>>> print(open('target-v1.cif').read())   # mmCIF, C-alpha atoms and all ligand atoms
data_entry
loop_
_atom_site.group_PDB
_atom_site.id
_atom_site.type_symbol
_atom_site.label_atom_id
_atom_site.label_comp_id
_atom_site.auth_asym_id
_atom_site.auth_seq_id
_atom_site.Cartn_x
_atom_site.Cartn_y
_atom_site.Cartn_z
ATOM 1 C CA MET O 1 0.000 0.000 0.000
ATOM 2 C CA PRO O 2 1.536 3.371 -0.983
ATOM 3 C CA ALA O 3 1.639 6.279 1.474
ATOM 4 C CA GLY O 4 -1.836 7.443 0.465
ATOM 5 C CA LEU O 5 -4.581 6.171 -1.825
ATOM 6 C CA LEU O 6 -4.842 8.119 -5.073
ATOM 7 C CA GLY O 7 -6.526 5.603 -7.347
ATOM 8 C CA ILE O 8 -7.232 1.974 -8.151
ATOM 9 C CA GLU O 9 -5.249 1.992 -11.404
ATOM 10 C CA ASP O 10 -1.899 1.862 -9.612
ATOM 11 C CA LEU O 11 -2.902 -0.645 -6.923
ATOM 12 C CA ASP O 12 -2.034 -4.267 -7.472
ATOM 13 C CA ARG O 13 -4.376 -7.169 -6.767
ATOM 14 C CA SER O 14 -2.782 -8.071 -3.459
ATOM 15 C CA ALA O 15 -3.192 -4.513 -2.095
ATOM 16 C CA ILE O 16 -6.852 -4.494 -3.132
ATOM 17 C CA GLU O 17 -7.437 -7.967 -1.660
ATOM 18 C CA ALA O 18 -5.851 -6.873 1.619
ATOM 19 C CA LEU O 19 -8.160 -3.842 1.883
ATOM 20 C CA LEU O 20 -11.268 -5.868 0.986
ATOM 21 C CA SER O 21 -10.356 -8.557 3.497
ATOM 22 C CA ARG O 22 -9.735 -6.000 6.251
ATOM 23 C CA ALA O 23 -13.050 -4.283 5.419
ATOM 24 C CA LYS O 24 -14.752 -7.660 5.916
ATOM 25 C CA ASP O 25 -13.234 -7.806 9.420
ATOM 26 C CA PHE O 26 -14.793 -4.415 10.157
ATOM 27 C CA GLN O 27 -18.284 -5.251 8.843
ATOM 28 C CA PRO O 28 -19.652 -6.901 12.047
ATOM 29 C CA LEU O 29 -18.579 -3.863 14.094
ATOM 30 C CA GLN O 30 -21.088 -1.705 12.210
ATOM 31 C CA SER O 31 -24.036 -3.485 13.850
ATOM 32 C CA GLN O 32 -22.594 -3.801 17.364
ATOM 33 C CA SER O 33 -23.716 -1.393 20.067
ATOM 34 C CA LEU O 34 -20.090 -0.469 20.859
ATOM 35 C CA LYS O 35 -18.555 0.463 17.525
ATOM 36 C CA LYS O 36 -15.301 2.097 18.542
ATOM 37 C CA LEU O 37 -11.754 0.711 18.257
ATOM 38 C CA ASP O 38 -8.556 2.437 19.359
ATOM 39 C CA THR O 39 -6.320 1.433 16.424
ATOM 40 C CA LEU O 40 -5.902 5.066 15.330
ATOM 41 C CA ARG O 41 -6.010 6.658 18.803
ATOM 42 C CA GLY O 42 -3.977 9.878 18.744
ATOM 43 C CA LYS O 43 -4.145 10.162 14.950
ATOM 44 C CA MET O 44 -5.772 13.089 13.155
ATOM 45 C CA ILE O 45 -7.665 12.764 9.876
ATOM 46 C CA VAL O 46 -8.657 15.890 7.924
ATOM 47 C CA ASN O 47 -11.505 15.674 5.407
ATOM 48 C CA LEU O 48 -11.226 18.435 2.811
ATOM 49 C CA PHE O 49 -14.133 18.533 0.376
ATOM 50 C CA TYR O 50 -14.183 21.021 -2.496
ATOM 51 C CA GLU O 51 -17.296 19.352 -3.966
ATOM 52 C CA ALA O 52 -20.593 18.362 -2.379
ATOM 53 C CA SER O 53 -20.785 14.953 -0.720
ATOM 54 C CA THR O 54 -23.143 13.136 1.619
ATOM 55 C CA ARG O 55 -21.898 9.541 1.717
ATOM 56 C CA THR O 56 -18.146 9.818 1.221
ATOM 57 C CA ARG O 57 -17.530 12.694 3.614
ATOM 58 C CA THR O 58 -19.802 11.318 6.336
ATOM 59 C CA SER O 59 -18.511 7.775 6.078
ATOM 60 C CA PHE O 60 -14.851 8.857 6.172
ATOM 61 C CA GLU O 61 -15.622 10.881 9.295
ATOM 62 C CA ILE O 62 -17.508 7.990 10.910
ATOM 63 C CA ALA O 63 -14.766 5.546 9.887
ATOM 64 C CA ALA O 64 -12.055 7.744 11.431
ATOM 65 C CA LYS O 65 -13.999 8.023 14.673
ATOM 66 C CA ARG O 66 -14.739 4.292 14.795
ATOM 67 C CA MET O 67 -11.003 3.667 14.441
ATOM 68 C CA GLY O 68 -10.383 5.950 17.431
ATOM 69 C CA ALA O 69 -8.900 8.842 15.437
ATOM 70 C CA ASP O 70 -9.861 12.499 15.681
ATOM 71 C CA ALA O 71 -11.523 13.808 12.533
ATOM 72 C CA VAL O 72 -12.052 17.307 11.219
ATOM 73 C CA SER O 73 -14.194 18.035 8.156
ATOM 74 C CA ILE O 74 -13.715 21.162 6.072
ATOM 75 C CA THR O 75 -15.756 22.224 3.059
ATOM 76 C CA ALA O 76 -14.643 24.785 0.490
ATOM 77 C CA SER O 77 -17.503 27.120 1.402
ATOM 78 C CA SER O 78 -16.532 27.106 5.097
ATOM 79 C CA SER O 79 -12.791 27.567 4.514
ATOM 80 C CA SER O 80 -10.595 30.421 3.304
ATOM 81 C CA VAL O 81 -10.917 28.965 -0.197
ATOM 82 C CA SER O 82 -14.025 31.166 -0.310
ATOM 83 C CA LYS O 83 -11.674 34.152 0.222
ATOM 84 C CA GLY O 84 -9.523 33.162 -2.745
ATOM 85 C CA GLU O 85 -6.877 31.019 -1.043
ATOM 86 C CA SER O 86 -5.225 28.637 -3.502
ATOM 87 C CA LEU O 87 -5.421 24.866 -3.296
ATOM 88 C CA VAL O 88 -1.677 24.568 -2.635
ATOM 89 C CA ASP O 89 -1.743 27.194 0.139
ATOM 90 C CA THR O 90 -4.767 25.531 1.755
ATOM 91 C CA LEU O 91 -3.145 22.093 1.710
ATOM 92 C CA ASN O 92 0.218 23.435 2.933
ATOM 93 C CA THR O 93 -1.594 25.145 5.813
ATOM 94 C CA LEU O 94 -3.386 21.947 6.776
ATOM 95 C CA ALA O 95 -0.201 19.868 6.382
ATOM 96 C CA ALA O 96 1.628 22.238 8.759
ATOM 97 C CA MET O 97 -0.784 21.116 11.490
ATOM 98 C CA ARG O 98 0.586 17.586 11.001
ATOM 99 C CA PRO O 99 -2.535 15.511 10.327
ATOM 100 C CA ASP O 100 -1.863 11.817 9.671
ATOM 101 C CA ALA O 101 -3.907 11.799 6.456
ATOM 102 C CA ILE O 102 -5.889 14.238 4.333
ATOM 103 C CA VAL O 103 -9.014 12.887 2.634
ATOM 104 C CA MET O 104 -9.707 15.078 -0.346
ATOM 105 C CA ARG O 105 -12.408 15.578 -2.978
ATOM 106 C CA HIS O 106 -11.849 18.052 -5.798
ATOM 107 C CA ALA O 107 -13.509 18.880 -9.125
ATOM 108 C CA ALA O 108 -10.159 18.869 -10.956
ATOM 109 C CA SER O 109 -8.972 15.481 -12.210
ATOM 110 C CA GLY O 110 -5.469 14.858 -10.859
ATOM 111 C CA ALA O 111 -5.620 17.436 -8.044
ATOM 112 C CA PRO O 112 -4.772 14.906 -5.262
ATOM 113 C CA HIS O 113 -1.976 13.412 -7.379
ATOM 114 C CA PHE O 114 -0.430 16.848 -7.910
ATOM 115 C CA LEU O 115 -0.646 17.705 -4.209
ATOM 116 C CA SER O 116 0.722 14.370 -3.055
ATOM 117 C CA ARG O 117 3.948 15.173 -4.923
ATOM 118 C CA HIS O 118 4.380 18.369 -2.896
ATOM 119 C CA LEU O 119 3.106 17.465 0.575
ATOM 120 C CA PRO O 120 4.517 15.189 3.264
ATOM 121 C CA THR O 121 1.012 14.138 4.349
ATOM 122 C CA PRO O 122 -0.615 11.023 2.790
ATOM 123 C CA ILE O 123 -3.602 11.952 0.633
ATOM 124 C CA ILE O 124 -6.657 9.755 0.164
ATOM 125 C CA ASN O 125 -8.577 10.565 -3.007
ATOM 126 C CA ALA O 126 -12.294 10.887 -2.241
ATOM 127 C CA GLY O 127 -13.086 11.651 -5.895
ATOM 128 C CA ASP O 128 -11.158 13.826 -8.364
ATOM 129 C CA GLY O 129 -13.171 15.267 -11.238
ATOM 130 C CA THR O 130 -13.961 12.633 -13.832
ATOM 131 C CA HIS O 131 -10.864 10.580 -13.005
ATOM 132 C CA GLU O 132 -11.102 8.193 -10.008
ATOM 133 C CA HIS O 133 -13.101 7.485 -6.848
ATOM 134 C CA PRO O 134 -11.069 4.607 -5.396
ATOM 135 C CA THR O 135 -12.952 4.005 -2.149
ATOM 136 C CA GLN O 136 -16.246 3.812 -4.078
ATOM 137 C CA ALA O 137 -14.820 1.013 -6.238
ATOM 138 C CA LEU O 138 -13.529 -0.768 -3.126
ATOM 139 C CA LEU O 139 -16.901 -0.600 -1.377
ATOM 140 C CA ASP O 140 -18.604 -1.728 -4.586
ATOM 141 C CA ALA O 141 -16.261 -4.723 -4.777
ATOM 142 C CA ARG O 142 -16.880 -5.516 -1.107
ATOM 143 C CA THR O 143 -20.643 -5.383 -1.769
ATOM 144 C CA ILE O 144 -20.401 -7.681 -4.799
ATOM 145 C CA LEU O 145 -18.175 -10.136 -2.911
ATOM 146 C CA ASP O 146 -20.719 -10.293 -0.082
ATOM 147 C CA ARG O 147 -23.055 -11.872 -2.688
ATOM 148 C CA ARG O 148 -20.621 -13.691 -5.014
ATOM 149 C CA ALA O 149 -17.637 -15.966 -4.316
ATOM 150 C CA GLN O 150 -15.347 -14.101 -6.708
ATOM 151 C CA LEU O 151 -15.176 -11.282 -9.247
ATOM 152 C CA GLN O 152 -13.507 -13.481 -11.879
ATOM 153 C CA GLY O 153 -15.914 -14.174 -14.757
ATOM 154 C CA LEU O 154 -18.716 -11.904 -13.566
ATOM 155 C CA ARG O 155 -20.535 -9.828 -16.160
ATOM 156 C CA VAL O 156 -20.904 -6.288 -14.831
ATOM 157 C CA ALA O 157 -23.009 -3.741 -16.730
ATOM 158 C CA ILE O 158 -22.198 -0.110 -15.894
ATOM 159 C CA ILE O 159 -24.899 2.115 -17.370
ATOM 160 C CA GLY O 160 -25.316 5.882 -17.629
ATOM 161 C CA ASP O 161 -23.087 8.918 -17.955
ATOM 162 C CA ILE O 162 -19.851 6.992 -18.438
ATOM 163 C CA ALA O 163 -17.969 9.976 -19.855
ATOM 164 C CA HIS O 164 -18.087 11.955 -16.615
ATOM 165 C CA SER O 165 -17.969 9.072 -14.151
ATOM 166 C CA ARG O 166 -14.984 8.618 -11.832
ATOM 167 C CA VAL O 167 -16.969 5.746 -10.288
ATOM 168 C CA ALA O 168 -17.013 3.943 -13.643
ATOM 169 C CA ARG O 169 -13.259 4.436 -14.168
ATOM 170 C CA SER O 170 -12.290 3.153 -10.721
ATOM 171 C CA ASN O 171 -14.650 0.203 -11.047
ATOM 172 C CA VAL O 172 -13.299 -0.666 -14.496
ATOM 173 C CA HIS O 173 -9.735 -0.711 -13.150
ATOM 174 C CA LEU O 174 -10.655 -2.834 -10.132
ATOM 175 C CA LEU O 175 -12.988 -5.308 -11.846
ATOM 176 C CA SER O 176 -10.616 -5.762 -14.766
ATOM 177 C CA LYS O 177 -7.697 -6.652 -12.449
ATOM 178 C CA PHE O 178 -9.854 -9.522 -11.132
ATOM 179 C CA GLY O 179 -11.005 -10.865 -14.503
ATOM 180 C CA ALA O 180 -14.576 -9.548 -14.677
ATOM 181 C CA HIS O 181 -16.161 -8.677 -18.005
ATOM 182 C CA ILE O 182 -17.334 -5.069 -17.928
ATOM 183 C CA VAL O 183 -19.972 -3.702 -20.320
ATOM 184 C CA LEU O 184 -20.109 0.085 -20.407
ATOM 185 C CA CYS O 185 -23.435 1.417 -21.703
ATOM 186 C CA GLY O 186 -24.867 4.872 -22.321
ATOM 187 C CA PRO O 187 -25.838 7.317 -25.044
ATOM 188 C CA ALA O 188 -23.042 7.614 -27.638
ATOM 189 C CA SER O 189 -22.427 11.206 -26.521
ATOM 190 C CA LEU O 190 -21.643 9.944 -22.972
ATOM 191 C CA LEU O 191 -19.694 6.829 -23.990
ATOM 192 C CA PRO O 192 -16.189 7.692 -25.238
ATOM 193 C CA ARG O 193 -14.872 4.942 -27.560
ATOM 194 C CA GLU O 194 -11.401 5.107 -25.993
ATOM 195 C CA LEU O 195 -12.760 3.660 -22.730
ATOM 196 C CA GLU O 196 -12.720 0.249 -24.423
ATOM 197 C CA GLN O 197 -8.898 0.490 -24.145
ATOM 198 C CA LEU O 198 -8.952 1.558 -20.458
ATOM 199 C CA ALA O 199 -8.392 -1.995 -19.207
ATOM 200 C CA PRO O 200 -8.734 -5.594 -20.400
ATOM 201 C CA GLY O 201 -12.238 -7.069 -20.442
ATOM 202 C CA VAL O 202 -14.158 -3.878 -21.328
ATOM 203 C CA SER O 203 -16.768 -3.656 -24.088
ATOM 204 C CA LEU O 204 -19.151 -0.840 -25.039
ATOM 205 C CA THR O 205 -22.762 -0.705 -26.171
ATOM 206 C CA THR O 206 -25.403 1.988 -26.545
ATOM 207 C CA ASP O 207 -28.193 -0.600 -26.086
ATOM 208 C CA ILE O 208 -29.295 -0.982 -22.456
ATOM 209 C CA ARG O 209 -30.934 -4.352 -23.128
ATOM 210 C CA GLU O 210 -27.717 -5.745 -24.608
ATOM 211 C CA ALA O 211 -25.772 -4.463 -21.577
ATOM 212 C CA ILE O 212 -28.139 -6.063 -19.070
ATOM 213 C CA ARG O 213 -28.522 -9.418 -20.839
ATOM 214 C CA ASP O 214 -26.985 -12.150 -18.594
ATOM 215 C CA ALA O 215 -25.494 -9.538 -16.247
ATOM 216 C CA ASP O 216 -24.537 -10.574 -12.704
ATOM 217 C CA VAL O 217 -24.265 -6.957 -11.610
ATOM 218 C CA ILE O 218 -26.123 -3.891 -12.944
ATOM 219 C CA MET O 219 -24.469 -0.674 -11.808
ATOM 220 C CA MET O 220 -26.450 2.464 -12.616
ATOM 221 C CA LEU O 221 -24.854 5.916 -12.763
ATOM 222 C CA ARG O 222 -26.228 9.413 -12.354
ATOM 223 C CA VAL O 223 -26.303 11.809 -15.290
ATOM 224 C CA GLN O 224 -23.821 14.457 -14.132
ATOM 225 C CA LEU O 225 -25.401 17.629 -15.497
ATOM 226 C CA GLU O 226 -22.938 19.749 -13.491
ATOM 227 C CA ARG O 227 -20.042 18.366 -15.577
ATOM 228 C CA GLN O 228 -21.813 18.667 -18.962
ATOM 229 C CA HIS O 229 -21.220 21.901 -20.835
ATOM 230 C CA GLU O 230 -24.074 21.197 -23.224
ATOM 231 C CA ALA O 231 -26.952 18.724 -23.037
ATOM 232 C CA ALA O 232 -25.652 15.303 -24.144
ATOM 233 C CA PHE O 233 -29.096 13.676 -24.399
ATOM 234 C CA PRO O 234 -32.663 15.042 -24.225
ATOM 235 C CA ALA O 235 -33.453 14.936 -20.484
ATOM 236 C CA ASN O 236 -37.114 14.043 -20.982
ATOM 237 C CA GLU O 237 -36.177 10.968 -23.063
ATOM 238 C CA TYR O 238 -33.350 9.678 -20.877
ATOM 239 C CA PHE O 239 -35.464 7.337 -18.759
ATOM 240 C CA GLN O 240 -37.160 5.840 -21.833
ATOM 241 C CA PHE O 241 -33.806 4.764 -23.321
ATOM 242 C CA TYR O 242 -31.396 4.455 -20.366
ATOM 243 C CA GLY O 243 -33.519 4.233 -17.230
ATOM 244 C CA LEU O 244 -33.486 0.873 -15.403
ATOM 245 C CA ARG O 245 -37.012 -0.585 -15.105
ATOM 246 C CA LEU O 246 -38.295 -3.751 -13.453
ATOM 247 C CA ASP O 247 -38.847 -5.495 -16.797
ATOM 248 C CA HIS O 248 -35.144 -5.051 -17.646
ATOM 249 C CA LEU O 249 -34.223 -7.335 -14.728
ATOM 250 C CA ASP O 250 -35.760 -10.320 -16.589
ATOM 251 C CA LEU O 251 -32.857 -10.053 -19.053
ATOM 252 C CA ALA O 252 -30.197 -10.361 -16.343
ATOM 253 C CA LYS O 253 -29.187 -13.448 -14.339
ATOM 254 C CA PRO O 254 -32.027 -14.366 -11.940
ATOM 255 C CA ASP O 255 -29.860 -13.439 -8.930
ATOM 256 C CA ALA O 256 -28.400 -10.277 -10.467
ATOM 257 C CA ILE O 257 -27.842 -7.380 -8.091
ATOM 258 C CA VAL O 258 -28.615 -3.707 -8.758
ATOM 259 C CA MET O 259 -26.130 -1.091 -7.579
ATOM 260 C CA HIS O 260 -25.946 2.709 -7.630
ATOM 261 C CA PRO O 261 -23.208 4.816 -5.977
ATOM 262 C CA GLN O 262 -25.769 7.563 -5.290
ATOM 263 C CA PRO O 263 -26.891 10.301 -5.252
ATOM 264 C CA MET O 264 -29.547 8.822 -7.569
ATOM 265 C CA ASN O 265 -32.204 10.482 -9.663
ATOM 266 C CA ARG O 266 -35.292 8.333 -9.312
ATOM 267 C CA GLY O 267 -37.333 8.278 -12.511
ATOM 268 C CA ILE O 268 -34.338 9.418 -14.587
ATOM 269 C CA GLU O 269 -31.689 6.670 -14.442
ATOM 270 C CA ILE O 270 -33.557 4.211 -12.197
ATOM 271 C CA ALA O 271 -37.192 3.457 -11.360
ATOM 272 C CA SER O 272 -38.079 3.634 -7.677
ATOM 273 C CA ASP O 273 -39.429 0.079 -7.591
ATOM 274 C CA VAL O 274 -36.024 -1.170 -8.790
ATOM 275 C CA ALA O 275 -34.008 1.057 -6.432
ATOM 276 C CA ASP O 276 -36.071 -0.176 -3.474
ATOM 277 C CA GLY O 277 -36.647 -3.708 -4.772
ATOM 278 C CA PRO O 278 -35.298 -7.048 -3.539
ATOM 279 C CA GLN O 279 -32.376 -7.114 -5.997
ATOM 280 C CA SER O 280 -31.118 -3.695 -4.941
ATOM 281 C CA VAL O 281 -27.987 -3.586 -2.754
ATOM 282 C CA ILE O 282 -27.765 0.200 -2.734
ATOM 283 C CA ARG O 283 -28.061 0.466 1.050
ATOM 284 C CA ASP O 284 -25.475 -2.294 1.491
ATOM 285 C CA GLN O 285 -23.090 -0.161 -0.553
ATOM 286 C CA VAL O 286 -23.557 2.739 1.867
ATOM 287 C CA ARG O 287 -23.095 0.435 4.885
ATOM 288 C CA ASN O 288 -19.933 -1.060 3.394
ATOM 289 C CA GLY O 289 -18.570 2.436 2.789
ATOM 290 C CA VAL O 290 -17.760 2.775 6.494
ATOM 291 C CA ALA O 291 -16.012 -0.624 6.770
ATOM 292 C CA VAL O 292 -13.975 -0.048 3.606
ATOM 293 C CA ARG O 293 -12.917 3.427 4.712
ATOM 294 C CA MET O 294 -11.887 2.065 8.113
ATOM 295 C CA ALA O 295 -9.621 -0.385 6.273
ATOM 296 C CA VAL O 296 -8.169 2.368 4.098
ATOM 297 C CA LEU O 297 -7.550 4.726 7.031
ATOM 298 C CA GLU O 298 -5.879 1.939 8.972
ATOM 299 C CA ALA O 299 -3.604 1.089 6.018
ATOM 300 C CA VAL O 300 -2.657 4.723 5.464
ATOM 301 C CA ALA O 301 -2.452 6.118 9.001
ATOM 302 C CA ALA O 302 -1.830 3.305 11.502
ATOM 303 C CA THR O 303 1.902 2.863 10.938
ATOM 304 C CA ARG O 304 2.606 6.470 9.971
ATOM 305 C CA GLY O 305 5.201 8.124 12.176
ATOM 306 C CA ARG O 306 6.396 4.888 13.791
ATOM 307 C CA ASN O 307 9.663 4.959 11.870
ATOM 308 C CA ALA O 308 9.888 8.730 11.511
HETATM 309 N N1 LIG O 401 -21.121 7.949 -3.950
HETATM 310 C C1 LIG O 401 -20.671 9.161 -3.559
HETATM 311 O O1 LIG O 401 -19.512 9.546 -3.783
HETATM 312 O O2 LIG O 401 -21.615 9.897 -2.902
HETATM 313 P P1 LIG O 401 -21.360 11.359 -2.327
HETATM 314 O O3 LIG O 401 -21.147 12.285 -3.507
HETATM 315 O O4 LIG O 401 -22.598 11.707 -1.537
HETATM 316 O O5 LIG O 401 -20.138 11.309 -1.458
#
>>> encode(input="target-v1.cif", output="structure tokens")
Amino acid sequence: MPAGLLGIEDLDRSAIEALLSRAKDFQPLQSQSLKKLDTLRGKMIVNLFYEASTRTRTSFEIAAKRMGADAVSITASSSSVSKGESLVDTLNTLAAMRPDAIVMRHAASGAPHFLSRHLPTPIINAGDGTHEHPTQALLDARTILDRRAQLQGLRVAIIGDIAHSRVARSNVHLLSKFGAHIVLCGPASLLPRELEQLAPGVSLTTDIREAIRDADVIMMLRVQLERQHEAAFPANEYFQFYGLRLDHLDLAKPDAIVMHPQPMNRGIEIASDVADGPQSVIRDQVRNGVAVRMAVLEAVAATRGRNA
């Protein structure tokens, strides 16, 4: 495991397996009445979010506290970023207070990678632009492995706004390393052809029925209007062509699971009766987010400073 966690692309299988296995150890803790460990007692985790977040920011904060660390959360609107302070100055200021890790979300792809080259503090990428969202892919893998013995050979359909999705990219890297077949599906304007070359085992289609046929996993994505400079598909027709409906599930394997990283737009990319139905594991994904982030924080922060 490198000093921080910037992406899935550069992690090898054994590092991913170690994190997923450790997250499994932490799963039972989430339903116990006493949820707190002292593994990271005395450590300080800073959450710095330049983009909105409900799940990632909250679950990193909960994970830090459950590991016994102190956690501080800062949003761009509540920091001196709103007074014009640069990203580098903000991070240097935070690093000077000697946190043990900085968890960071930023709209610019590559921002955490750039900063990690200039700061002594390990950085955990909580989503950078359209590039990667590594802990989302880890919690997705944990959720799939809670239902399937292995990732090898699974058919995973990832459907929606692929072009702008850091979730899709991190999942492609992870699933490909473990031998899954990944079908990326969306309107042609949101499905860059070059993604077929992103990793082995990836194919593309613009036909949702073709993507879902025989799928073990159906992963729906939000249309990210905030990252689109012009409308990529008529909004009022999106659900008709790319929304997941109950009848679509008949095309998939009988025990196929439905996933969504959230936030989700009900009635746009997914029907409510599917999101809340028996094949949905969307709430399991949220629950696993805490266990996975505990594993990541432990790997990044637990041994830090011991040899310094
Ligand atoms: N899945 C995810 O990253 O959700 P948030 O944007 O709420 O953190």
>>> resolve_selection(input="target-v1.cif", expression="the PyMOL selection byres (((chain O and resi 109-122) around 10) and not hetatm)", output="PyMOL selection string")
chain O and resi 2-7+87-88+91-92+94-96+98-108+123-132+166+300-301+304
>>> resolve_selection(input="target-v1.cif", expression="the PyMOL selection byres (((chain O and resi 243) around 8) and not hetatm)", output="VMD selection string")
chain O and resid 238 to 242 244 to 245 267 to 271
>>> closest_atom_pairs(input="target-v1.cif", of="chain O", to="ligand LIG 401 (chain O)", cutoff="7 Å", atoms="only C-alpha atoms and all ligand atoms", output="tab-separated table")
residue	atom	partner	partner_atom	distance
O:Ala52	CA	O:LIG401	O3	6.2
O:Ser53	CA	O:LIG401	O5	3.8
O:Thr54	CA	O:LIG401	O4	3.5
O:Arg55	CA	O:LIG401	O4	4.0
O:Thr56	CA	O:LIG401	O5	3.7
O:Arg57	CA	O:LIG401	O5	5.9
O:Gln136	CA	O:LIG401	N1	6.4
O:Pro261	CA	O:LIG401	N1	4.3
O:Gln262	CA	O:LIG401	N1	4.9
O:Pro263	CA	O:LIG401	O2	5.8
>>> write_last_selection(input="target-v1.cif", atoms="C-alpha atoms", output="compact mmCIF listing (two decimals), in the coordinates of the input")
# COMPACT_ATOMS: atom_id res chain seq x y z
CA ALA O 52 -20.59 18.36 -2.38
CA SER O 53 -20.78 14.95 -0.72
CA THR O 54 -23.14 13.14 1.62
CA ARG O 55 -21.90 9.54 1.72
CA THR O 56 -18.15 9.82 1.22
CA ARG O 57 -17.53 12.69 3.61
CA GLN O 136 -16.25 3.81 -4.08
CA PRO O 261 -23.21 4.82 -5.98
CA GLN O 262 -25.77 7.56 -5.29
CA PRO O 263 -26.89 10.30 -5.25
>>> residues_around(input="target-v1.cif", residues="Ser203 in chain O", least_positions_apart="6", cutoff="7 Å", atoms="only C-alpha atoms", output="compact mmCIF listing (two decimals) with C-alpha atoms, in the frame of the given file")
# COMPACT_ATOMS: atom_id res chain seq x y z
CA ILE O 182 -17.33 -5.07 -17.93
CA VAL O 183 -19.97 -3.70 -20.32
CA LEU O 184 -20.11 0.08 -20.41
CA GLU O 196 -12.72 0.25 -24.42
>>> residues_around(input="target-v1.cif", residues="Gly42 in chain O", least_positions_apart="5", cutoff="9 Å", atoms="only C-alpha atoms", output="ChimeraX atom specification")
/O:68-70
>>> closest_residue(input="target-v1.cif", among="O:His248, O:Lys65, O:Lys43, O:Arg287", to="Met97 in chain O", atoms="only C-alpha atoms")
O:Lys43
>>> decode(input="target-v1.cif", residues="range 300-305 of chain O", atoms="all heavy atoms", output="short mmCIF file (atom, residue, chain, number, x, y, z; two decimals), in the first residue's frame")
data_model
loop_
_atom_site.label_atom_id
_atom_site.label_comp_id
_atom_site.auth_asym_id
_atom_site.auth_seq_id
_atom_site.Cartn_x
_atom_site.Cartn_y
_atom_site.Cartn_z
N VAL O 300 -3.40 3.49 5.74
CA VAL O 300 -2.66 4.72 5.46
C VAL O 300 -2.07 5.34 6.74
O VAL O 300 -0.92 5.80 6.74
CB VAL O 300 -3.59 5.74 4.76
CG1 VAL O 300 -2.93 7.12 4.67
CG2 VAL O 300 -3.96 5.24 3.36
N ALA O 301 -2.84 5.32 7.82
CA ALA O 301 -2.45 6.12 9.00
C ALA O 301 -1.89 5.32 10.17
O ALA O 301 -1.18 5.89 11.00
CB ALA O 301 -3.66 6.94 9.47
N ALA O 302 -2.18 4.02 10.26
CA ALA O 302 -1.83 3.30 11.50
C ALA O 302 -0.33 3.25 11.76
O ALA O 302 0.11 3.43 12.88
CB ALA O 302 -2.40 1.89 11.47
N THR O 303 0.46 3.02 10.72
CA THR O 303 1.90 2.86 10.94
C THR O 303 2.66 4.16 10.71
O THR O 303 3.86 4.21 10.89
CB THR O 303 2.49 1.80 9.98
OG1 THR O 303 2.15 2.17 8.66
CG2 THR O 303 1.96 0.42 10.30
N ARG O 304 1.93 5.21 10.29
CA ARG O 304 2.61 6.47 9.97
C ARG O 304 3.26 7.06 11.23
O ARG O 304 2.67 7.14 12.29
CB ARG O 304 1.58 7.45 9.42
CG ARG O 304 2.19 8.68 8.84
CD ARG O 304 1.14 9.55 8.22
NE ARG O 304 1.41 10.95 8.46
CZ ARG O 304 2.36 11.64 7.87
NH1 ARG O 304 3.13 11.04 7.00
NH2 ARG O 304 2.54 12.91 8.16
N GLY O 305 4.51 7.46 11.07
CA GLY O 305 5.20 8.12 12.18
C GLY O 305 5.99 7.16 13.04
O GLY O 305 6.89 7.57 13.76
#
